[in-house]
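Structure record follows, encoded as structure tokens.
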Amino acid sequence: MNQSNNLAWITGANGLIGNYLVQTAPKFAPRWRVRALTREQLDLLDFAAVRREFGKDKPQLVIHCAAITNIADAQKNPVLARRVNVEVTKLLTELASEVSFVFFSTDLVFDGRKGNYAETDAANPLHIYGETKLATEEIVLRNPRHLVVRTSMNGGISRSGNRAFNEQLHHSLQQAGQGMKLFTDEFRCPIPAVETTRAVWELAQKNCAGIYHVAGAEKLSRWQIGQLLIKRWPEVKTKIESASAKDFPGPPRALDTSLDLAKVRKVLSAPLPGLGEWLAANPKEVF
């Protein structure tokens, strides 16, 4: 990677992962200068402005976090979801055709019937959000030097207070009253965002390309996640009750989108932890 002009663009810098990438850059990527791009600083839907700013800055690395990530929002407005998630990324990959590019995708490109998905497994998204991410993966991978990072539920402290899975669960529990049901049969690989960003900075600086899975090393149900986190929240009095996703009406849910980390494990200097392991090792971290 050429670091003579060692400027990295990070889009979606107000989001959870984007903000962590910016905050952790001095530790994990000290040779890189970072331009943190928010919607207020650069509207990515203004393609002329994006081209103009890219031409001025000439970044050598683009880490693209900006997206519509709320499943319900994407389902309600598929045209906007495709515009933001697919077309904006296509423009950025074209502008960054000669430099390094990192695209954040999701475990929800899978239908959840199998679990423990490897990078080579066939994707089959169940909703618009997953469809836009899969379509964009295909665009990004046309360039052999570009990188797709599929991640899972990320936790931490977001600037808005509602972007991390732990923040959303904490809020829901406070609003729930006496009891709240969490599924015992819906599995993900939750990960603290600081660990995701550590891995992504390392992958980018090692010029990794193609698809890599970056997620927690432990497959957990939503009920198990709740049990781990409520121990850290003595102010929350709501009781967590177990339930099955199969008993709730609504569109199909991806029940097990756990990710195989064998490929990324061979590259990283330190392994990705499971959520339980990380919480035990960081008892004083606000989470």
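Order determines the names: the first chain of the structure tokens is A, the second B, and so forth; residues in each chain are numbered 1 upward, and ligands are numbered 1 upward as they are shown.
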Alpha helix (DSSP H) positions in range 164-287 of chain A, given as a short mmCIF file (atom, residue, chain, number, x, y, z; two decimals) with C-alpha atoms, in the first residue's frame:
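Generated output (out33.cif):
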data_model
loop_
_atom_site.label_atom_id
_atom_site.label_comp_id
_atom_site.auth_asym_id
_atom_site.auth_seq_id
_atom_site.Cartn_x
_atom_site.Cartn_y
_atom_site.Cartn_z
CA PHE A 165 -26.56 -3.79 19.82
CA ASN A 166 -25.90 -3.37 23.55
CA GLU A 167 -27.32 0.16 23.47
CA GLN A 168 -30.44 -1.02 21.66
CA LEU A 169 -30.95 -3.90 24.08
CA HIS A 170 -30.41 -1.69 27.12
CA HIS A 171 -33.01 0.78 25.85
CA SER A 172 -35.49 -1.97 25.02
CA LEU A 173 -35.11 -3.53 28.47
CA GLN A 174 -35.69 -0.20 30.18
CA GLN A 175 -38.86 0.31 28.15
CA ALA A 176 -40.15 -3.25 28.53
CA ALA A 193 -16.61 -2.61 17.64
CA VAL A 194 -13.12 -1.91 18.96
CA GLU A 195 -12.14 -5.48 18.02
CA THR A 196 -13.71 -5.12 14.58
CA THR A 197 -11.75 -1.95 13.93
CA ARG A 198 -8.50 -3.49 15.18
CA ALA A 199 -8.94 -6.31 12.67
CA VAL A 200 -9.94 -4.03 9.80
CA TRP A 201 -6.99 -1.70 10.27
CA GLU A 202 -4.69 -4.72 10.24
CA LEU A 203 -6.31 -6.26 7.15
CA ALA A 204 -6.11 -2.95 5.30
CA GLN A 205 -2.45 -2.38 6.17
CA ARG A 222 -30.07 -13.39 21.58
CA TRP A 223 -31.10 -14.81 24.98
CA GLN A 224 -27.47 -15.68 25.79
CA ILE A 225 -26.37 -12.19 24.78
CA GLY A 226 -28.98 -10.72 27.09
CA GLN A 227 -27.82 -12.91 29.98
CA LEU A 228 -24.23 -11.75 29.52
CA LEU A 229 -25.07 -8.07 29.33
CA ILE A 230 -27.70 -7.71 32.03
CA ALA A 262 -10.70 -19.60 10.03
CA LYS A 263 -9.57 -17.40 7.14
CA VAL A 264 -9.11 -14.18 9.10
CA ARG A 265 -7.51 -16.06 11.99
CA LEU A 275 -18.27 -11.57 23.50
CA GLY A 276 -18.23 -13.43 26.81
CA GLU A 277 -14.43 -13.62 26.77
CA TRP A 278 -14.10 -9.91 25.99
CA LEU A 279 -16.57 -8.84 28.69
CA ALA A 280 -14.73 -10.94 31.28
CA ALA A 281 -11.38 -9.45 30.25
#
Could you name the residues that touch Val22 in chain A at 9 Å or less, counting only C-alpha atoms, but leaving out those on the same chain fewer than 5 positions away, as a ChimeraX atom specification? /A:10,13,17,34-36
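Excluding Met180 in chain A and any residue on its chain fewer than 3 positions from it, the residues at most 8 Å away by only C-alpha atoms are A:Leu173, A:Ala176, A:Gly177, A:Thr238, A:Lys239, A:Ile240, A:Glu241.
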Selection export as a JSON list (two decimals), in the first residue's frame, atoms kept: C-alpha atoms:
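Wrote it out as part.json, contents follow:
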[["chain", "number", "residue", "atom", "x", "y", "z"],
["A", 173, "LEU", "CA", -35.11, -3.53, 28.47],
["A", 176, "ALA", "CA", -40.15, -3.25, 28.53],
["A", 177, "GLY", "CA", -41.48, -3.11, 32.08],
["A", 238, "THR", "CA", -36.54, -6.12, 33.65],
["A", 239, "LYS", "CA", -36.53, -9.90, 33.65],
["A", 240, "ILE", "CA", -35.29, -11.58, 30.47],
["A", 241, "GLU", "CA", -37.49, -14.47, 29.38]]
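If you measure from each of A:Ala135, A:Val286, A:Leu92, A:Val79 to Thr106 in chain A using only C-alpha atoms, the closest one turns out to be A:Ala135.
The two atoms in question, CA of Cys208 in chain A and CA of Pro144 in chain A, are spaced 9.8 Å apart.
Counting only C-alpha atoms, the residue from A:Gln178, A:Thr93, A:Thr38, A:Thr69 that sits nearest to Val140 in chain A is A:Thr93.
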Closest to Arg82 in chain A among A:Lys133, A:Lys181, A:His127, A:Arg163, using only C-alpha atoms? A:Lys133
Please identify every residue of range 26-130 of chain A that has at least one atom no farther than 12 Å from an atom of range 183-191 of chain A, counting only C-alpha atoms, and for each give the shortest atom pair and the distance in Å to one decimal, arranged by chain then increasing number, as CSV.
residue,atom,partner,partner_atom,distance
A:Thr106,CA,A:Arg188,CA,11.0
A:Asp107,CA,A:Arg188,CA,8.3
A:Leu108,CA,A:Arg188,CA,9.6
A:Phe110,CA,A:Arg188,CA,11.4
A:Asp111,CA,A:Glu186,CA,11.7
A:Gly112,CA,A:Phe187,CA,8.5
A:Arg113,CA,A:Glu186,CA,10.6
A:Lys114,CA,A:Phe187,CA,10.9
A:Gly115,CA,A:Phe187,CA,8.3
A:Asn116,CA,A:Cys189,CA,9.6
A:Tyr117,CA,A:Arg188,CA,11.1
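For range 79-174 of chain A, backbone-based DSSP labels the following residues as strand (DSSP E or B): Ser100, Phe101, Val102, Phe103, Phe104, Ser105, Thr106, Tyr117, Leu147, Val148, Val149, Arg150, Thr151, Asn154 and Gly155 of chain A.
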From the options A:Leu44, A:Ala8, A:Ala81, A:Leu126, which residue's atoms come nearest to Ala96 in chain A, counting only C-alpha atoms? A:Ala8
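Taking CA of Leu91 in chain A and CA of Ala49 in chain A as the two end points, the separation is 11.7 Å.
For the residues A:Glu119, A:Phe101, A:Leu182, A:Thr89, ranking by smallest atom-to-atom distance to Asp247 in chain A using only C-alpha atoms places A:Leu182 first.
Across A:Arg159, A:Asp260, A:Glu235, A:Ile63, the tightest approach to Thr120 in chain A is made by A:Asp260 when counting only C-alpha atoms.
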